[in-house]
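Undergrad: Below: one structure in structure tokens.
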Amino acid sequence: MHIENHTIDAHNQSLLAGHRRKMEYVMESVKNPEALLRKLVEFEVAIPSWALGTGGTRFGRFSGGGEPRCLEEKIEDVGLLHALNRSSGAVSLHIPWDIPENAAAVRALAARYGLRFDAMNSNTFQDQPEQAHSYKFGSLQHVRAAVRRQAIDHNLEVIRYGVELGSTSLTVWLADGSCFPGQLNFREAFQRTLQGLQEIYAVLPPDWKLFVEYKAYEPNFYSMTVGDWGQSLLYTSKLGPKAFTLVDLGHHLPNANIEQIVALLLMEGKLGGFHFNDSKYGDDDLTVGSIKPYQLFLIFNELVEGMDARGMDHARDLGWMIDASHNVKDPLEDLLQSVEAILLSYAQALLVDRQLLKAAQEANDVAIAQEVLQAAFRTDVRPLVAEARLRAGGALDPLALYRSEQIRKRLIKERGARGVATGL
Ligand code: RM4
Ligand code: MN
Ligand code: MN
């Protein structure tokens with residue numbers, strides 16, 4: 001199904017007068033509104049193909065119905081999101097959950113919705129039915145060469161699919177590690193993993209990037225072979241200039257200062273991209289901005305400052321992806337909320353008075369530094385983000401329109417109540 005332009009127009013008309021009033025008010029606190037709106041229009045966040053069905057936990061999975069039954073329907077769903085918010089113009093695929101059987105056709109379908117393919121994701125954390133060797137004791141770190149070969153070959157296959165789809169990056173997240181002391185020789189596990197990554201890196205097309213994602217724990221609970229940003233940076237530094245660290249917000253130990261991690265990775269030119277989500281305890285994969293919106297703002301504050309310092313293009317030079325998926329919300333509503341939260345934090349970060357902050361830092365004026373940051377964070381930028389969406393042809397209130405158009409109900413009618421999408 002898809003949503004017609006005239007439906008979006010009618011929705012916007014009904015909200016326009018109220019929107020204009022809110023805009024007038026917020027414009028008073030924005031110095032260069034046109035430049036800011038342009039940046040918001042350009043910003044885009046990739047939607048993960050594995051989050052379009054209702055996420056489960058290992059205890060259960062409760063489908064909301066109407067889940068996409070194939071890659072084509074997943075693309076249709078992302079197309080729907082993009083039509084509503086005009087900021088979801090990319091999709092990130094996980095192989096083998098979403099193998100494009102006919103890549104040319106899939107690419108053409110995506111193009112019809114104005115979508116491109118962002119980073120490809122490999123999966124060596126699960127065994128597939130036809131697979132010769134098990135990843136029970138790891139993949140690239142494995143003590144047996146045949147298992148490592150299989151994992152490397154899988155990544156090469158993912159790159160091949162990506163090339164056919166026009167993607168230009170590969171994200172490698174390894175579940176490798178150990179559950180008990182003594183299980184693994186840390187140094188040898190690192191070296192084997194590095195060797196595997198080097199083989200993958202060697203076949204990357206010239207314009208491709210390799211993202212090495214880290215995670216503190218789970219599924220291994222004693223050690224992870226890419227367990228934190230230091231380890232990831234070690235791998236990516238040894239690999240070379242096309243390798244970068246990927247930050248997934250849920251992959252840190254409690255209270256980690258993620259904004260500082262981001263600032264230093266950017267300084268080193270080694271920050272590749274993000275998996276946005278939110279968390280209370282661990283890899284909770286909750287809706288972006290639902291638990292710690294101030295932290296998200298502080299991260300964007302570092303991103304804007306650090307990217308500007310390196311002359312980077314905010315919209316293009318890092319990989320912006322969502323990695324969220326859970327039990328109780330309609331996944332499409334969750335994704336609309338996640339994209340919105342990202343844009344709000346980005347807009348607030350753009351509002352930070354950099355000169356004043358710099359002056360406060362130079363003068364050790366801690367109170368004013370806090371005032372500057374919080375003045376931006378406490379600005380209600382929702383009208384600005386809505387205005388950017390309006391200018392780009394999207395809906396002023398995507399979630400409200402999704403509800404009033406009864407999209408989930410229509411999807412259930414079309415696809416049935418029992419379908420289960422591949423993914424988490
Ligand atoms: C992991 C990690 C990866 C994602 C898988 C599904 O925890 O976040 O990025 O691909 O989950
Ligand atoms: Mn992730
Ligand atoms: Mn994760």
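By order in the structure tokens, chains are A, B, ...; within a chain, residues start at 1; ligands start at 1, following the order shown.
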Taking only region 12-110 of chain A into account, list the residues labelled helix (DSSP H, G or I) by DSSP (computed from the backbone), as a PyMOL selection string.
TA: chain A and resi 12-27+33-42+49-51+71-85+103-110
Undergrad: Enumerate as a PyMOL selection string the residues within 7 Å of ligand 1, counting only C-alpha atoms and all ligand atoms.
TA: chain A and resi 94+121+173+213+248+275+283+323+424
Undergrad: Within region 96-209 of chain A, find each residue whose DSSP state, derived from the backbone, is strand (DSSP E or B), and express the selection as a PyMOL selection string.
TA: chain A and resi 116-121+169-173+177-178+209
Undergrad: Report as a ChimeraX atom specification which protein, DNA and RNA residues come within 12 Å of ligand 3, using only C-alpha atoms and all ligand atoms.
TA: /A:48,50-51,125,172-175,213-219,246-252,274-279,282-286,322-326,424
Undergrad: Give me, please, the distance in Å between CA of Glu73 (chain A) and CA of Leu52 (chain A), quoted to one decimal.
TA: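 We find that CA of Glu73 (chain A) and CA of Leu52 (chain A) lie 9.6 Å from each other.
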Undergrad: Taking only C-alpha atoms and all ligand atoms into account, name the residue in A:Ala360, A:Met120, A:Pro383, A:Gly79 that is nearest to ligand 2.
TA: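 That would be A:Met120, the residue with the smallest distance to ligand 2.
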Undergrad: From the set A:Leu384, A:Thr171, A:Thr225, A:Gly423, which residue has the shortest atom-to-atom contact distance to ligand 2, counting only C-alpha atoms and all ligand atoms?
TA: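 Of the candidates, the smallest distance to ligand 2 is held by A:Thr171.
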Undergrad: Pick from A:Phe297, A:Met321, A:Asn155, A:Gln260: nearest to ligand 2, with only C-alpha atoms and all ligand atoms counted?
TA: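 With only C-alpha atoms and all ligand atoms as the atom set, the closest residue is A:Met321.
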